[in-house]
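Visitor: Would you mind keeping the following structure in view while I ask a few things?
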Amino acid sequence: MTTAADVVQLQLDAYNAQDLVTFCAQFRDDITVADLNGAVTLEGMAAYRAKYEKLFAEFPDNRVTLLGRVATGNVVIDHERVRRSAATAPFEVIAIYTVNGSLITRVDFVKG
């Protein structure tokens, strides 16, 4: 049985490999991305795919390091360090993933 943490790990691995097809396959077509307790910043797979296609093209060395993970039920909270390139400073985020079935339906971000 696939757990919510398994789904989140698969998308993280695909993100780091810049495998857009596998990455997007972990999200529902009606994916919602928002700032925690704030505005929705992205809705729907077309917008989601376009954002990450551009990001992967612009930052081919972009990688995330998982600093910590808490998972319970269908919610996974990751503490991540993101490095876009060797020339830019890394930054940290908290990503709160909501998983329904075997797909991520929502991601809420806290950016440091």
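Going by the structure tokens order, chains are called A, B, ..., each with residues numbered from 1, while ligands are numbered from 1 in the order shown.
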Could you name the residues that touch Ser85 of chain A at 10 Å or less, counting only C-alpha atoms, but leaving out those on the same chain fewer than 5 positions away, as a PyMOL selection string?
Guide: chain A and resi 58-63+90
Visitor: Produce a file of the selected residues containing N, CA, C and O atoms, as a CSV table (one decimal), in the first residue's frame.
Guide:
chain,number,residue,atom,x,y,z
A,58,GLU,N,15.0,27.0,-16.5
A,58,GLU,CA,15.8,28.1,-16.1
A,58,GLU,C,16.9,27.8,-15.1
A,58,GLU,O,17.9,28.4,-15.1
A,59,PHE,N,16.6,26.7,-14.3
A,59,PHE,CA,17.6,26.3,-13.2
A,59,PHE,C,17.8,24.8,-13.4
A,59,PHE,O,17.3,24.0,-12.6
A,60,PRO,N,18.7,24.4,-14.3
A,60,PRO,CA,18.9,23.0,-14.5
A,60,PRO,C,19.6,22.3,-13.3
A,60,PRO,O,19.6,21.1,-13.2
A,61,ASP,N,20.2,23.1,-12.5
A,61,ASP,CA,20.9,22.5,-11.3
A,61,ASP,C,20.1,22.6,-10.0
A,61,ASP,O,20.5,22.2,-8.9
A,62,ASN,N,18.8,23.0,-10.2
A,62,ASN,CA,17.9,23.2,-9.0
A,62,ASN,C,17.7,21.8,-8.3
A,62,ASN,O,17.5,20.8,-8.9
A,63,ARG,N,17.9,21.9,-7.0
A,63,ARG,CA,17.7,20.7,-6.2
A,63,ARG,C,17.1,21.0,-4.8
A,63,ARG,O,17.4,22.1,-4.3
A,90,PRO,N,21.0,29.3,-1.1
A,90,PRO,CA,19.8,28.4,-0.8
A,90,PRO,C,18.8,29.1,0.1
A,90,PRO,O,19.1,30.1,0.8
Visitor: Between segment 6-47 of chain A and segment 104-111 of chain A, at 6 Å or less, what are the per-residue closest atom pairs and their distances in Å? Count only C-alpha atoms, order by chain and rising residue number, and return it as JSON lines.
Guide:
{"residue": "A:Phe27", "atom": "CA", "partner": "A:Ile104", "partner_atom": "CA", "distance": 4.5}
{"residue": "A:Arg28", "atom": "CA", "partner": "A:Thr105", "partner_atom": "CA", "distance": 5.5}
{"residue": "A:Ile31", "atom": "CA", "partner": "A:Thr105", "partner_atom": "CA", "distance": 4.9}
{"residue": "A:Thr32", "atom": "CA", "partner": "A:Arg106", "partner_atom": "CA", "distance": 4.8}
{"residue": "A:Val33", "atom": "CA", "partner": "A:Val107", "partner_atom": "CA", "distance": 4.8}
{"residue": "A:Ala34", "atom": "CA", "partner": "A:Asp108", "partner_atom": "CA", "distance": 4.8}
{"residue": "A:Asp35", "atom": "CA", "partner": "A:Phe109", "partner_atom": "CA", "distance": 4.9}
{"residue": "A:Leu36", "atom": "CA", "partner": "A:Asp108", "partner_atom": "CA", "distance": 5.1}
Visitor: Taking only C-alpha atoms into account, which of A:Val99, A:Ala89, A:Ala57, A:Cys24 comes nearest Met45 of chain A?
Guide: A:Cys24
Visitor: Let's see if you can do this: from backbone DSSP, list all alpha helix (DSSP H) residues in chain A, as a PyMOL selection string.
Guide: chain A and resi 4-17+20-24+45-58
Visitor: So which one's closest to Arg84 of chain A, A:Ile96, A:Gly38, A:Phe56, A:Thr3? Using only C-alpha atoms, please.
Guide: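 Nearest to Arg84 of chain A: A:Phe56.
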Visitor: Which of these, A:Asp13, A:Lys51, A:Thr41, A:Gln26, has the shortest distance to Gly101 of chain A once you count only C-alpha atoms?
Guide: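 When distances to Gly101 of chain A are compared using only C-alpha atoms, the smallest one comes from A:Gln26.
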Visitor: Could you tell me how far atom CA of Asn100 of chain A lies from atom CA of Asp19 of chain A, in Å and to one decimal?
Guide: 22.1 Å
Visitor: Using only C-alpha atoms, pick whichever of A:Met1, A:Ala71, A:Leu103, A:Leu55 has the shortest atom-to-atom distance to Asp30 of chain A.
Guide: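 Smallest distance to Asp30 of chain A is found for A:Leu103.
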Visitor: Run DSSP on the backbone and tell me which residues of chain A come out as strand (DSSP E or B); list them as an MDAnalysis selection string.
Guide: chainID A and resid 27:35 40:43 63:72 75:83 91:100 103:111
Visitor: Which residue gives the smallest distance to Val76 of chain A among A:Ala25, A:Ala47, A:Leu42, A:Ala95, with only C-alpha atoms counted?
Guide: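 Among the listed residues, the smallest separation from Val76 of chain A belongs to A:Ala95.
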Visitor: Just checking: using only C-alpha atoms, which residue out of A:Val7, A:Val82, A:Val21, A:Val70 ends up closest to Tyr48 of chain A?
Guide: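 Checking each of A:Val7, A:Val82, A:Val21, A:Val70 against Tyr48 of chain A, counting only C-alpha atoms, the winner is A:Val21.
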Visitor: What's the separation between atom CA of Ala17 of chain A and atom CA of Glu43 of chain A, in Å to one decimal place?
Guide: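 Atom CA of Glu43 of chain A lies 23.5 Å from atom CA of Ala17 of chain A.
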